[in-house]
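Structure file coords21.cif with mmCIF, C-alpha atoms:
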```
data_data
#
loop_
_atom_site.label_atom_id
_atom_site.label_comp_id
_atom_site.auth_asym_id
_atom_site.auth_seq_id
_atom_site.Cartn_x
_atom_site.Cartn_y
_atom_site.Cartn_z
CA MET A 1280 0.00 0.00 0.00
CA ALA A 1281 2.87 2.34 0.85
CA ASN A 1282 4.44 1.68 -2.56
CA LEU A 1283 1.12 2.38 -4.28
CA ASN A 1284 0.76 5.70 -2.47
CA TYR A 1285 4.33 6.56 -3.46
CA TYR A 1286 3.60 6.02 -7.15
CA ILE A 1287 0.30 7.90 -6.96
CA GLN A 1288 2.14 10.83 -5.42
CA LYS A 1289 4.80 10.68 -8.15
CA ILE A 1290 2.10 10.81 -10.81
CA LYS A 1291 0.42 13.77 -9.11
CA THR A 1292 3.69 15.72 -8.99
CA ALA A 1293 4.89 14.76 -12.49
CA THR A 1294 5.73 17.53 -14.92
CA LEU A 1295 3.90 17.79 -18.24
CA THR A 1296 7.05 16.65 -19.99
CA GLU A 1297 7.16 13.51 -17.87
CA ILE A 1298 3.45 12.88 -18.52
CA LEU A 1299 3.93 13.23 -22.28
CA ILE A 1300 6.89 10.85 -22.17
CA GLY A 1301 4.80 8.42 -20.14
CA ILE A 1302 1.96 8.51 -22.68
CA ASN A 1303 4.41 7.84 -25.53
CA ILE A 1304 5.94 4.89 -23.67
CA ILE A 1305 2.51 3.42 -22.89
CA MET A 1306 1.48 3.74 -26.54
CA PHE A 1307 4.69 2.03 -27.62
CA LEU A 1308 4.08 -0.86 -25.24
CA LEU A 1309 0.52 -1.13 -26.52
CA THR A 1310 1.79 -1.07 -30.12
CA THR A 1311 4.23 -3.88 -29.34
CA LEU A 1312 1.52 -5.95 -27.64
CA ILE A 1313 -0.93 -5.58 -30.55
CA ASP A 1314 1.71 -6.44 -33.14
CA PHE A 1315 2.89 -9.41 -31.05
CA THR A 1316 -0.65 -10.80 -30.95
CA GLY A 1317 -1.01 -10.55 -34.72
CA GLY A 1318 -2.82 -7.24 -35.02
CA ASN A 1319 -1.92 -4.18 -37.05
CA ALA A 1320 -1.11 -1.67 -34.33
CA PHE A 1321 -0.59 1.31 -36.62
CA LEU A 1322 -3.96 0.71 -38.25
CA ILE A 1323 -5.72 0.22 -34.92
CA LEU A 1324 -4.04 2.93 -32.85
CA GLY A 1325 -4.02 5.69 -35.43
CA ALA A 1326 -0.93 6.10 -37.61
CA LYS A 1327 -1.07 8.81 -40.24
CA MET A 1328 -2.56 6.90 -43.18
CA ASN A 1329 -3.69 9.39 -45.79
CA ILE A 1330 -6.51 7.36 -47.31
CA LEU A 1331 -8.07 6.70 -43.90
CA ILE A 1332 -7.83 10.36 -42.91
CA ALA A 1333 -9.54 11.25 -46.20
CA MET A 1334 -12.25 8.77 -45.22
CA GLY A 1335 -12.92 10.88 -42.14
CA GLN A 1336 -10.52 9.52 -39.51
CA PHE A 1337 -9.09 12.94 -38.71
CA TRP A 1338 -8.07 11.83 -35.22
CA ARG A 1339 -5.09 10.11 -36.85
CA LEU A 1340 -3.46 13.51 -37.28
CA LEU A 1341 -3.13 13.60 -33.49
CA THR A 1342 -2.74 9.94 -32.53
CA ALA A 1343 0.12 9.49 -35.02
CA THR A 1344 2.20 11.86 -32.87
CA PHE A 1345 2.10 9.36 -29.99
CA LEU A 1346 3.18 6.30 -31.99
CA HIS A 1347 6.71 5.17 -32.85
CA ALA A 1348 8.12 2.74 -35.40
CA GLY A 1349 10.69 1.07 -33.14
CA ILE A 1350 12.52 1.24 -29.85
CA MET A 1351 15.29 3.52 -31.15
CA HIS A 1352 12.75 5.85 -32.73
CA LEU A 1353 11.05 6.10 -29.34
CA VAL A 1354 14.28 6.49 -27.34
CA PHE A 1355 15.70 9.31 -29.48
CA ASN A 1356 12.41 11.21 -29.54
CA MET A 1357 11.88 10.85 -25.80
CA MET A 1358 15.45 11.99 -25.08
CA ALA A 1359 14.82 15.08 -27.20
CA LEU A 1360 11.46 15.66 -25.52
CA TYR A 1361 13.05 15.38 -22.06
CA ILE A 1362 15.90 17.77 -22.89
CA LEU A 1363 13.75 20.35 -24.66
CA GLY A 1364 10.50 19.95 -22.78
CA ARG A 1365 11.83 20.82 -19.33
CA ASP A 1366 13.10 24.22 -20.47
CA ILE A 1367 10.08 25.01 -22.63
CA GLU A 1368 7.75 24.11 -19.76
CA ARG A 1369 9.77 26.34 -17.43
CA PHE A 1370 9.97 29.35 -19.75
CA TYR A 1371 6.41 29.23 -21.14
CA GLY A 1372 4.39 27.63 -18.35
CA PRO A 1373 2.24 24.48 -18.64
CA LYS A 1374 -0.70 25.83 -20.68
CA LYS A 1375 1.41 27.61 -23.28
CA TYR A 1376 3.74 24.62 -23.46
CA LEU A 1377 0.85 22.28 -24.25
CA PHE A 1378 -0.49 24.63 -26.92
CA ILE A 1379 2.92 24.79 -28.60
CA TYR A 1380 3.42 21.03 -28.39
CA PHE A 1381 0.04 19.98 -29.74
CA ILE A 1382 -0.32 22.62 -32.45
CA SER A 1383 3.19 21.78 -33.71
CA GLY A 1384 2.37 18.07 -33.84
CA LEU A 1385 -0.93 18.71 -35.62
CA VAL A 1386 0.58 21.10 -38.17
CA GLY A 1387 3.38 18.63 -38.84
CA SER A 1388 0.80 15.87 -39.41
CA ALA A 1389 -1.35 18.14 -41.60
CA PHE A 1390 1.49 19.04 -43.97
CA SER A 1391 2.59 15.41 -44.04
CA PHE A 1392 -1.00 14.48 -44.95
CA LEU A 1393 -0.81 16.99 -47.80
CA LEU A 1394 2.66 16.24 -49.16
CA VAL A 1395 3.81 12.79 -47.96
CA PRO A 1396 1.88 9.75 -49.26
CA ASN A 1397 3.55 7.24 -46.93
CA THR A 1398 2.30 6.10 -43.55
CA SER A 1399 4.10 8.01 -40.80
CA VAL A 1400 4.26 8.08 -37.01
CA GLY A 1401 6.27 9.81 -34.33
CA ALA A 1402 6.42 12.78 -31.98
CA SER A 1403 9.02 14.50 -34.16
CA GLY A 1404 6.71 17.24 -35.47
CA ALA A 1405 5.80 18.24 -31.92
CA ILE A 1406 9.43 18.00 -30.80
CA PHE A 1407 10.57 20.18 -33.68
CA GLY A 1408 7.87 22.57 -32.50
CA LEU A 1409 9.73 22.75 -29.19
CA PHE A 1410 12.87 23.55 -31.17
CA GLY A 1411 10.86 26.38 -32.74
CA ALA A 1412 9.81 27.60 -29.29
CA ASN A 1413 13.46 27.50 -28.27
CA LEU A 1414 14.31 29.64 -31.31
CA TYR A 1415 11.71 32.16 -30.17
CA LEU A 1416 13.60 32.52 -26.88
CA TYR A 1417 16.65 33.49 -28.94
CA PHE A 1418 14.52 35.91 -30.95
CA VAL A 1419 13.22 37.60 -27.79
CA ASN A 1420 16.62 38.18 -26.19
CA PRO A 1421 19.71 36.83 -28.01
CA GLN A 1422 22.13 37.93 -25.30
CA ALA A 1423 20.21 36.31 -22.44
CA TYR A 1424 19.71 33.21 -24.56
CA LYS A 1425 23.44 32.85 -25.19
CA ARG A 1426 24.19 33.27 -21.49
CA ILE A 1427 21.73 30.49 -20.61
CA PHE A 1428 22.12 28.07 -23.51
CA GLY A 1429 25.22 29.19 -25.39
CA THR A 1430 24.91 28.06 -28.99
CA ASP A 1431 24.35 24.36 -28.25
CA PHE A 1432 20.63 24.31 -29.04
CA LEU A 1433 21.06 26.33 -32.24
CA ILE A 1434 23.66 23.82 -33.43
CA LEU A 1435 21.40 20.94 -32.37
CA ILE A 1436 18.51 22.35 -34.40
CA GLY A 1437 20.76 22.61 -37.46
CA ILE A 1438 22.05 19.06 -37.02
CA ASN A 1439 18.53 17.66 -36.68
CA LEU A 1440 17.39 19.47 -39.82
CA VAL A 1441 20.35 18.07 -41.78
CA ILE A 1442 19.63 14.55 -40.47
CA SER A 1443 15.99 14.96 -41.54
CA PHE A 1444 17.11 15.54 -45.12
CA VAL A 1445 19.82 12.90 -45.42
CA ARG A 1446 18.34 9.91 -43.57
CA PRO A 1447 15.84 7.74 -45.44
CA ASN A 1448 12.27 7.15 -44.22
CA ILE A 1449 12.16 10.39 -42.24
CA ASP A 1450 9.14 12.67 -42.66
CA VAL A 1451 11.11 15.85 -43.29
CA VAL A 1452 7.92 17.74 -44.21
CA GLY A 1453 6.47 17.05 -40.78
CA HIS A 1454 9.71 18.14 -39.11
CA ILE A 1455 9.95 21.47 -40.92
CA ALA A 1456 6.23 22.20 -40.55
CA GLY A 1457 6.45 21.44 -36.83
CA LEU A 1458 9.49 23.70 -36.43
CA VAL A 1459 7.78 26.64 -38.16
CA ALA A 1460 4.52 26.07 -36.30
CA GLY A 1461 6.35 25.89 -32.97
CA PHE A 1462 8.07 29.22 -33.57
CA ILE A 1463 4.83 30.94 -34.63
CA ALA A 1464 2.87 29.35 -31.76
CA ALA A 1465 5.52 30.50 -29.27
CA PHE A 1466 5.37 33.99 -30.75
CA GLY A 1467 1.58 33.78 -30.48
CA VAL A 1468 1.48 32.97 -26.76
CA GLY A 1469 4.71 34.51 -25.51
CA ILE A 1470 6.82 33.29 -22.60
CA TYR A 1471 5.21 32.76 -19.18
CA HIS A 1472 5.10 36.41 -18.03
CA GLU A 1473 3.92 37.87 -21.37
CA LYS A 1474 0.24 38.55 -22.07
CA THR A 1475 -1.38 35.87 -24.19
CA PHE A 1476 -4.47 37.60 -25.53
CA THR A 1477 -3.24 40.77 -27.20
CA PRO A 1478 -4.57 41.54 -30.72
CA LYS A 1479 -1.22 40.65 -32.31
CA ARG A 1480 -0.91 37.39 -30.42
CA LEU A 1481 -4.50 36.40 -31.16
CA LEU A 1482 -3.78 36.85 -34.86
CA LEU A 1483 -0.70 34.64 -34.58
CA GLN A 1484 -2.65 32.00 -32.66
CA ALA A 1485 -5.33 32.06 -35.37
CA PHE A 1486 -2.61 31.72 -38.00
CA THR A 1487 -1.29 28.54 -36.37
CA LEU A 1488 -4.81 27.09 -36.59
CA ILE A 1489 -4.95 28.09 -40.26
CA LEU A 1490 -1.62 26.29 -40.76
CA PHE A 1491 -3.40 23.16 -39.56
CA ILE A 1492 -6.76 23.62 -41.29
CA VAL A 1493 -5.65 24.64 -44.80
CA PRO A 1494 -3.33 21.69 -45.61
CA THR A 1495 -5.79 19.28 -43.98
CA VAL A 1496 -8.74 20.50 -46.08
CA THR A 1497 -6.58 20.72 -49.24
CA ALA A 1498 -5.30 17.16 -48.85
CA PHE A 1499 -8.78 15.87 -47.94
CA THR A 1500 -10.28 17.46 -51.06
CA SER A 1501 -7.44 16.36 -53.34
CA ILE A 1502 -7.46 12.71 -52.28
CA ARG A 1503 -11.22 12.45 -52.63
CA SER A 1504 -11.15 13.90 -56.16
CA THR A 1505 -10.07 10.67 -57.91
CA PRO A 1506 -11.78 7.29 -58.54
CA ASP A 1507 -8.90 5.59 -56.69
CA PHE A 1508 -10.14 7.01 -53.41
CA TYR A 1509 -13.52 5.32 -53.77
CA LEU A 1510 -11.96 2.08 -55.00
CA THR A 1511 -9.62 1.98 -52.02
CA SER A 1512 -12.39 2.92 -49.62
CA ALA A 1513 -14.59 0.12 -50.94
CA SER A 1514 -11.73 -2.38 -50.60
CA TYR A 1515 -10.98 -1.22 -47.05
CA TYR A 1516 -14.60 -1.62 -45.95
CA TYR A 1517 -14.89 -4.96 -47.76
CA TYR A 1518 -11.93 -6.44 -45.88
CA GLN A 1519 -13.34 -5.00 -42.66
CA GLU A 1520 -16.48 -7.00 -43.52
CA LYS A 1521 -18.53 -3.80 -43.73
CA ILE A 1522 -20.24 -4.65 -47.00
CA ASP A 1523 -22.89 -1.92 -46.78
CA LYS A 1524 -20.14 0.68 -46.30
CA ALA A 1525 -18.26 -0.75 -49.29
CA LYS A 1526 -21.38 -0.48 -51.45
CA GLU A 1527 -21.93 3.07 -50.25
CA ALA A 1528 -18.36 4.04 -51.19
CA VAL A 1529 -18.82 2.61 -54.70
CA GLU A 1530 -22.13 4.42 -55.15
CA GLN A 1531 -20.58 7.71 -54.07
CA GLY A 1532 -17.74 7.14 -56.52
CA LEU A 1533 -20.11 6.41 -59.40
CA LYS A 1534 -21.99 9.62 -58.73
CA LYS A 1535 -18.77 11.52 -59.39
CA PHE A 1536 -17.28 9.16 -61.97
CA PRO A 1537 -20.22 7.38 -63.63
CA ASP A 1538 -18.11 5.97 -66.47
CA ASP A 1539 -15.27 4.52 -64.40
CA PRO A 1540 -14.98 0.84 -65.40
CA GLN A 1541 -13.38 -0.34 -62.15
CA LEU A 1542 -16.10 1.19 -60.00
CA LYS A 1543 -18.73 -0.43 -62.23
CA GLN A 1544 -16.98 -3.79 -61.94
CA ILE A 1545 -16.83 -3.61 -58.14
CA GLN A 1546 -20.48 -2.58 -58.01
CA MET A 1547 -21.39 -5.71 -59.96
CA GLU A 1548 -19.28 -7.89 -57.65
CA LEU A 1549 -20.84 -6.39 -54.54
CA ASN A 1550 -24.35 -6.73 -55.98
CA PRO A 1551 -24.37 -10.14 -57.68
#
```

How does this structure look as structure tokens?
Amino acid sequence: MANLNYYIQKIKTATLTEILIGINIIMFLLTTLIDFTGGNAFLILGAKMNILIAMGQFWRLLTATFLHAGIMHLVFNMMALYILGRDIERFYGPKKYLFIYFISGLVGSAFSFLLVPNTSVGASGAIFGLFGANLYLYFVNPQAYKRIFGTDFLILIGINLVISFVRPNIDVVGHIAGLVAGFIAAFGVGIYHEKTFTPKRLLLQAFTLILFIVPTVTAFTSIRSTPDFYLTSASYYYYQEKIDKAKEAVEQGLKKFPDDPQLKQIQMELNP
């Protein structure tokens, strides 16, 4: 009982950075368990899969930021989150820190949805957003920044950007979008003692939301503008044994593309 009370107290006094790290670790363990038992964890838990987002599963833009493709992917991201998060939480305060973190992750996912066709996962967009918030600290007061951090973080940002470009299978679009969003979001809320709801800051906060909404809507519209979307949707529902949904997807496709031979063929197969 004493041990249980100890852990409850630790949870109650945990920083937001520690809580975020804990959530990521739990999701990784859950991913491993699902995959071990023969399931498709990324499909079930919400990886960024463009076709499924276009089918209406917008929650994947968020859940993808809490999933990781392997133990090293998780370890490196959590190390970065621990190093960056503590300072960002201290300089911005918990509420502003959460806004920066989540809007950066969402913007990173949104631009990845628009420009990267592959499935992707990881907290990197949000973490690059913390890099952006760190850059804002330099922007506010370069001299104070150098006294506190030196140039280590600036060099680290540069190294991480270079790695994003040269290593394969890295969602560089999500990284850059997260970095930019993090800087703008930090500018939009200010550090802990600065007023949050000034006219200028409200405009910047609105702009970060636009950075999320515009690529999401653009990608959603673009993907749904081809017969392939409806063919893939019908196949997805068919293998999920949702035959009525598959038929509905085909019918919607034929309304837009009445002469598409593949859609006609699938309609015949689903309605023998």

Step by step, work through what the PyMOL selection byres ((chain A and resi 1411) around 12) selects in the shown file, and finish by giving those residues as a PyMOL selection string. chain A and resi 1363-1364+1367+1376+1379-1380+1382-1384+1404-1410+1412-1418+1432-1433+1435-1437+1440+1454-1466

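CA of Ile1449 in chain A is positioned 28.2 Å from CA of Gly1467 in chain A.
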
Looking at A:Ala1402, A:Gly1335, A:Ala1326, A:His1347, which one is nearest to Leu1360 in chain A, with distances taken over only C-alpha atoms?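 Selected residue with least distance to Leu1360 in chain A: A:Ala1402.
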
Once the PyMOL selection byres ((chain A and resi 1504) around 12) is applied to the coordinates I shared, what remains selected? I want it as a list of chain:residue names.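 Here the PyMOL selection byres ((chain A and resi 1504) around 12) matches A:Ile1330, A:Ala1333, A:Thr1497, A:Ala1498, A:Phe1499, A:Thr1500, A:Ser1501, A:Ile1502, A:Arg1503, A:Thr1505, A:Pro1506, A:Asp1507, A:Phe1508, A:Tyr1509, A:Leu1510, A:Gln1531, A:Gly1532, A:Lys1534, A:Lys1535, A:Phe1536.
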
Test item: the PyMOL selection byres ((chain A and resi 1397) around 8) resolved as a count of residues only: 6

Residue among A:Ala1525, A:Ser1403, A:Leu1385, A:Pro1478 lying closest to Val1493 in chain A, counting all atoms listed in the file: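 For Val1493 in chain A, the nearest of the candidates is A:Leu1385.
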
Nearest to Leu1341 in chain A among A:Val1354, A:Ala1320, A:Val1468, A:Ala1389, with distances taken over only C-alpha atoms: which residue is it? A:Ala1389

Atoms added to range 1487-1518 of chain A (N, CA and C atoms), reported as a PDB file, keeping the file's coordinate frame:
```
ATOM      1  N   THR A1487      -1.741  29.925 -36.591  1.00  0.00           N
ATOM      2  CA  THR A1487      -1.290  28.540 -36.370  1.00  0.00           C
ATOM      3  C   THR A1487      -2.432  27.557 -36.631  1.00  0.00           C
ATOM      4  N   LEU A1488      -3.657  27.955 -36.296  1.00  0.00           N
ATOM      5  CA  LEU A1488      -4.810  27.090 -36.590  1.00  0.00           C
ATOM      6  C   LEU A1488      -5.044  26.991 -38.089  1.00  0.00           C
ATOM      7  N   ILE A1489      -4.822  28.101 -38.798  1.00  0.00           N
ATOM      8  CA  ILE A1489      -4.950  28.090 -40.260  1.00  0.00           C
ATOM      9  C   ILE A1489      -3.894  27.164 -40.867  1.00  0.00           C
ATOM     10  N   LEU A1490      -2.684  27.172 -40.279  1.00  0.00           N
ATOM     11  CA  LEU A1490      -1.620  26.290 -40.760  1.00  0.00           C
ATOM     12  C   LEU A1490      -2.011  24.811 -40.630  1.00  0.00           C
ATOM     13  N   PHE A1491      -2.893  24.516 -39.702  1.00  0.00           N
ATOM     14  CA  PHE A1491      -3.400  23.160 -39.560  1.00  0.00           C
ATOM     15  C   PHE A1491      -4.587  22.899 -40.495  1.00  0.00           C
ATOM     16  N   ILE A1492      -5.512  23.833 -40.551  1.00  0.00           N
ATOM     17  CA  ILE A1492      -6.760  23.620 -41.290  1.00  0.00           C
ATOM     18  C   ILE A1492      -6.551  23.582 -42.794  1.00  0.00           C
ATOM     19  N   VAL A1493      -5.780  24.528 -43.336  1.00  0.00           N
ATOM     20  CA  VAL A1493      -5.650  24.640 -44.800  1.00  0.00           C
ATOM     21  C   VAL A1493      -5.027  23.398 -45.438  1.00  0.00           C
ATOM     22  N   PRO A1494      -3.862  22.908 -44.981  1.00  0.00           N
ATOM     23  CA  PRO A1494      -3.330  21.690 -45.610  1.00  0.00           C
ATOM     24  C   PRO A1494      -4.220  20.473 -45.386  1.00  0.00           C
ATOM     25  N   THR A1495      -4.903  20.415 -44.241  1.00  0.00           N
ATOM     26  CA  THR A1495      -5.790  19.280 -43.980  1.00  0.00           C
ATOM     27  C   THR A1495      -6.944  19.271 -44.972  1.00  0.00           C
ATOM     28  N   VAL A1496      -7.597  20.407 -45.147  1.00  0.00           N
ATOM     29  CA  VAL A1496      -8.740  20.500 -46.080  1.00  0.00           C
ATOM     30  C   VAL A1496      -8.270  20.296 -47.517  1.00  0.00           C
ATOM     31  N   THR A1497      -7.111  20.863 -47.869  1.00  0.00           N
ATOM     32  CA  THR A1497      -6.580  20.720 -49.240  1.00  0.00           C
ATOM     33  C   THR A1497      -6.289  19.268 -49.557  1.00  0.00           C
ATOM     34  N   ALA A1498      -5.619  18.571 -48.632  1.00  0.00           N
ATOM     35  CA  ALA A1498      -5.300  17.160 -48.850  1.00  0.00           C
ATOM     36  C   ALA A1498      -6.573  16.321 -48.897  1.00  0.00           C
ATOM     37  N   PHE A1499      -7.508  16.587 -47.992  1.00  0.00           N
ATOM     38  CA  PHE A1499      -8.780  15.870 -47.940  1.00  0.00           C
ATOM     39  C   PHE A1499      -9.515  15.994 -49.284  1.00  0.00           C
ATOM     40  N   THR A1500      -9.580  17.204 -49.799  1.00  0.00           N
ATOM     41  CA  THR A1500     -10.280  17.460 -51.060  1.00  0.00           C
ATOM     42  C   THR A1500      -9.567  16.804 -52.221  1.00  0.00           C
ATOM     43  N   SER A1501      -8.234  16.907 -52.240  1.00  0.00           N
ATOM     44  CA  SER A1501      -7.440  16.360 -53.340  1.00  0.00           C
ATOM     45  C   SER A1501      -7.561  14.841 -53.429  1.00  0.00           C
ATOM     46  N   ILE A1502      -7.421  14.177 -52.290  1.00  0.00           N
ATOM     47  CA  ILE A1502      -7.460  12.710 -52.280  1.00  0.00           C
ATOM     48  C   ILE A1502      -8.813  12.186 -52.710  1.00  0.00           C
ATOM     49  N   ARG A1503      -9.868  12.895 -52.319  1.00  0.00           N
ATOM     50  CA  ARG A1503     -11.220  12.450 -52.630  1.00  0.00           C
ATOM     51  C   ARG A1503     -11.672  12.823 -54.046  1.00  0.00           C
ATOM     52  N   SER A1504     -10.776  13.429 -54.821  1.00  0.00           N
ATOM     53  CA  SER A1504     -11.150  13.900 -56.160  1.00  0.00           C
ATOM     54  C   SER A1504     -10.805  12.905 -57.271  1.00  0.00           C
ATOM     55  N   THR A1505     -10.427  11.678 -56.906  1.00  0.00           N
ATOM     56  CA  THR A1505     -10.070  10.670 -57.910  1.00  0.00           C
ATOM     57  C   THR A1505     -10.867   9.387 -57.670  1.00  0.00           C
ATOM     58  N   PRO A1506     -11.089   8.580 -58.723  1.00  0.00           N
ATOM     59  CA  PRO A1506     -11.780   7.290 -58.540  1.00  0.00           C
ATOM     60  C   PRO A1506     -11.034   6.353 -57.596  1.00  0.00           C
ATOM     61  N   ASP A1507      -9.692   6.477 -57.555  1.00  0.00           N
ATOM     62  CA  ASP A1507      -8.900   5.590 -56.690  1.00  0.00           C
ATOM     63  C   ASP A1507      -9.322   5.678 -55.235  1.00  0.00           C
ATOM     64  N   PHE A1508      -9.719   6.865 -54.797  1.00  0.00           N
ATOM     65  CA  PHE A1508     -10.140   7.010 -53.410  1.00  0.00           C
ATOM     66  C   PHE A1508     -11.336   6.110 -53.110  1.00  0.00           C
ATOM     67  N   TYR A1509     -12.305   6.101 -54.002  1.00  0.00           N
ATOM     68  CA  TYR A1509     -13.520   5.320 -53.770  1.00  0.00           C
ATOM     69  C   TYR A1509     -13.247   3.824 -53.934  1.00  0.00           C
ATOM     70  N   LEU A1510     -12.348   3.483 -54.845  1.00  0.00           N
ATOM     71  CA  LEU A1510     -11.960   2.080 -55.000  1.00  0.00           C
ATOM     72  C   LEU A1510     -11.263   1.569 -53.742  1.00  0.00           C
ATOM     73  N   THR A1511     -10.341   2.373 -53.221  1.00  0.00           N
ATOM     74  CA  THR A1511      -9.620   1.980 -52.020  1.00  0.00           C
ATOM     75  C   THR A1511     -10.538   1.933 -50.809  1.00  0.00           C
ATOM     76  N   SER A1512     -11.435   2.899 -50.726  1.00  0.00           N
ATOM     77  CA  SER A1512     -12.390   2.920 -49.620  1.00  0.00           C
ATOM     78  C   SER A1512     -13.264   1.667 -49.633  1.00  0.00           C
ATOM     79  N   ALA A1513     -13.752   1.307 -50.822  1.00  0.00           N
ATOM     80  CA  ALA A1513     -14.590   0.120 -50.940  1.00  0.00           C
ATOM     81  C   ALA A1513     -13.819  -1.137 -50.535  1.00  0.00           C
ATOM     82  N   SER A1514     -12.558  -1.226 -50.959  1.00  0.00           N
ATOM     83  CA  SER A1514     -11.730  -2.380 -50.600  1.00  0.00           C
ATOM     84  C   SER A1514     -11.490  -2.437 -49.096  1.00  0.00           C
ATOM     85  N   TYR A1515     -11.216  -1.282 -48.496  1.00  0.00           N
ATOM     86  CA  TYR A1515     -10.980  -1.220 -47.050  1.00  0.00           C
ATOM     87  C   TYR A1515     -12.208  -1.722 -46.295  1.00  0.00           C
ATOM     88  N   TYR A1516     -13.373  -1.212 -46.648  1.00  0.00           N
ATOM     89  CA  TYR A1516     -14.600  -1.620 -45.950  1.00  0.00           C
ATOM     90  C   TYR A1516     -14.921  -3.098 -46.210  1.00  0.00           C
ATOM     91  N   TYR A1517     -14.617  -3.558 -47.415  1.00  0.00           N
ATOM     92  CA  TYR A1517     -14.890  -4.960 -47.760  1.00  0.00           C
ATOM     93  C   TYR A1517     -14.071  -5.892 -46.858  1.00  0.00           C
ATOM     94  N   TYR A1518     -12.788  -5.582 -46.703  1.00  0.00           N
ATOM     95  CA  TYR A1518     -11.930  -6.440 -45.880  1.00  0.00           C
ATOM     96  C   TYR A1518     -12.190  -6.255 -44.386  1.00  0.00           C
TER      97      TYR A1518
END
```
